Amino acid sequence: MEMKFRAVPREVYDVMGLNENFNYLWNPDPVSSLIGLGSSFVLEFFEFYGERIGDYYDAYIQDPKLKDERFAVFVGQERRHAAAHRKLNNFITKSVTPPVREEFHPRVYAFMHEAYKGFAEPIIAGIERDKANGKTQDSFWFKEAVQSIAIFESEVCMTGFAFFENLFDNGRFDLVTNMSGNLGVLYLLGYHYAEEMEHCCVSIEAFETVYNEKLWTKERIDQHINQMDFLANQIVKTTQKVAGMLKQTVTTEKIINSVAFQARALAAKKYITEGFTARESEVLQKREYFVGRWDSEWAPRLLEIIKEKIDENDLASINSVV
Ligand SMILES: [Fe+2]
Ligand SMILES: [Fe+2]
């Protein structure tokens, strides 16, 4: 699948209502709405992490046969995702301490600090040490980093499947756009998950090519798919933090039992089996189908609806002034 850099139209942010009228219910299901907003922070955190690892990629992979030219494009998409989420994330966190620049990460929120200290920092510090010792792709830490990205990307691809299946496919597009209280957030996530499905095989293949081993072994499936892993726990924690900022409360149990969480877990269990590369014919077909429909149908139609909504709101505000 060819990777494209899609732009998020200005109207998406106009309709998002990042002001006192912000409606967090972008999804008909309230808990799934909160999970989507919590994910906005987890995704941003990982995108900066991925960008940093991307900076080492060229130096570490010196053999042209092993170097995957698509890696830079994939990291480029991630960089743009983090930028696209910034306004929304800044808005949601306006009442808490702003994110700080850490040594290896430009935007760490207090509620992501544990993830930084316990996950990102040790890996990147390890890469830095290995680099100083002249190591390249045989660096334990670099391998750990590429592996963590490939695992994350596989799982996010499954979130994309769950998202498009539940919200747009099977004739749900009209129903969901009618019920959505925030079409801007719906569009932003649609754009993001489309690109996630588009590029999810790149980091898996990069890992397997460089290290000549399968990413998805029985052990990793057990650790990441059959139980709550680091990513799943981060989503739960961040969703609860975000709920608090939006003056909502949500229990761990409700998050885990929600439509969004369960659909992702089901997709992961179904598709991420031993040797998964995101290129199995059913998976590839699904990715192509969802991305294709997003580009040709759902994104343009959603933008049209957003523009109509903006016109209606403008008219209402003119009438209220008159
Ligand atoms: Fe992304
Ligand atoms: Fe990604």
# chains A, B, ... in the order shown; residues from 1 in each chain; ligands from 1
call {"tool": "residues_near_ligand", "arguments": {"ligand": "ligand 2", "cutoff": "8 Å", "atoms": "only C-alpha atoms and all ligand atoms", "output": "compact mmCIF listing (two decimals) with C-alpha atoms, in the first residue's frame"}}
result
# COMPACT_ATOMS: atom_id res chain seq x y z
CA GLU A 47 4.55 9.14 17.90
CA PHE A 74 6.10 5.99 8.15
CA VAL A 75 7.83 8.20 10.74
CA GLN A 77 3.12 10.18 8.94
CA GLU A 78 3.54 9.76 12.70
CA PHE A 152 2.55 -0.99 18.98
CA GLU A 153 1.85 -0.53 15.27
CA VAL A 156 -2.97 0.21 16.60
CA CYS A 157 -3.84 -1.35 13.24
CA GLU A 195 -2.96 6.13 8.02
CA GLU A 196 -2.27 3.66 10.82
CA MET A 197 -3.82 0.87 8.75
CA HIS A 199 1.55 1.94 7.34
CA CYS A 200 1.23 -0.76 9.99
call {"tool": "residues_near_ligand", "arguments": {"ligand": "ligand 1", "cutoff": "12 Å", "atoms": "only C-alpha atoms and all ligand atoms", "output": "number ranges by chain"}}
result
A: 5, 39-51, 73-85, 149, 152-157, 159-160, 188-200
call {"tool": "residues_around", "arguments": {"residues": "A:Phe261", "least_positions_apart": "6", "cutoff": "12 Å", "atoms": "only C-alpha atoms", "output": "number ranges by chain"}}
result
A: 29, 31-36, 38-39, 155-156, 158-163, 166, 228, 231-233, 235-236, 239, 252-255, 267-268
call {"tool": "select_by_dssp", "arguments": {"residues": "stretch 68-135 of chain A", "states": "strand (DSSP E)", "output": "mmCIF file with N, CA and C atoms, in the first residue's frame"}}
result
data_model
loop_
_atom_site.group_PDB
_atom_site.id
_atom_site.type_symbol
_atom_site.label_atom_id
_atom_site.label_comp_id
_atom_site.auth_asym_id
_atom_site.auth_seq_id
_atom_site.Cartn_x
_atom_site.Cartn_y
_atom_site.Cartn_z
ATOM 1 N N VAL A 100 6.037 18.681 29.650
ATOM 2 C CA VAL A 100 7.414 19.195 29.746
ATOM 3 C C VAL A 100 8.321 18.476 28.750
ATOM 4 N N ARG A 101 9.391 19.165 28.408
ATOM 5 C CA ARG A 101 10.399 18.560 27.526
ATOM 6 C C ARG A 101 11.344 17.732 28.392
ATOM 7 N N GLU A 102 11.398 16.454 28.119
ATOM 8 C CA GLU A 102 12.347 15.587 28.824
ATOM 9 C C GLU A 102 13.552 15.394 27.916
ATOM 10 N N HIS A 105 12.325 13.264 24.929
ATOM 11 C CA HIS A 105 10.927 13.377 24.475
ATOM 12 C C HIS A 105 10.471 14.833 24.641
ATOM 13 N N PRO A 106 9.881 15.418 23.590
ATOM 14 C CA PRO A 106 9.572 16.848 23.671
ATOM 15 C C PRO A 106 8.308 17.206 24.449
ATOM 16 N N ARG A 107 7.386 16.256 24.624
ATOM 17 C CA ARG A 107 6.113 16.621 25.269
ATOM 18 C C ARG A 107 5.630 15.496 26.173
ATOM 19 N N VAL A 108 6.039 15.561 27.437
ATOM 20 C CA VAL A 108 5.597 14.514 28.368
ATOM 21 C C VAL A 108 4.643 15.134 29.393
#
call {"tool": "residues_around", "arguments": {"residues": "A:Ile310", "least_positions_apart": "4", "cutoff": "8 Å", "atoms": "only C-alpha atoms", "output": "compact mmCIF listing (two decimals) with C-alpha atoms, in the first residue's frame"}}
result
# COMPACT_ATOMS: atom_id res chain seq x y z
CA GLU A 11 -12.92 22.96 9.15
CA ASP A 14 -13.44 24.73 13.47
CA VAL A 15 -16.20 22.24 14.18
CA ILE A 306 -18.89 19.29 8.80
CA ASP A 314 -22.87 30.58 11.56
call {"tool": "atom_distance", "arguments": {"atom1": "atom CA of A:Arg129", "atom2": "atom CA of A:Ile151"}}
result
23.6 Å
call {"tool": "closest_residue", "arguments": {"among": "A:Gln248, A:Thr273, A:Thr177, A:Asn319", "to": "A:Asp222", "atoms": "only C-alpha atoms"}}
result
A:Thr273
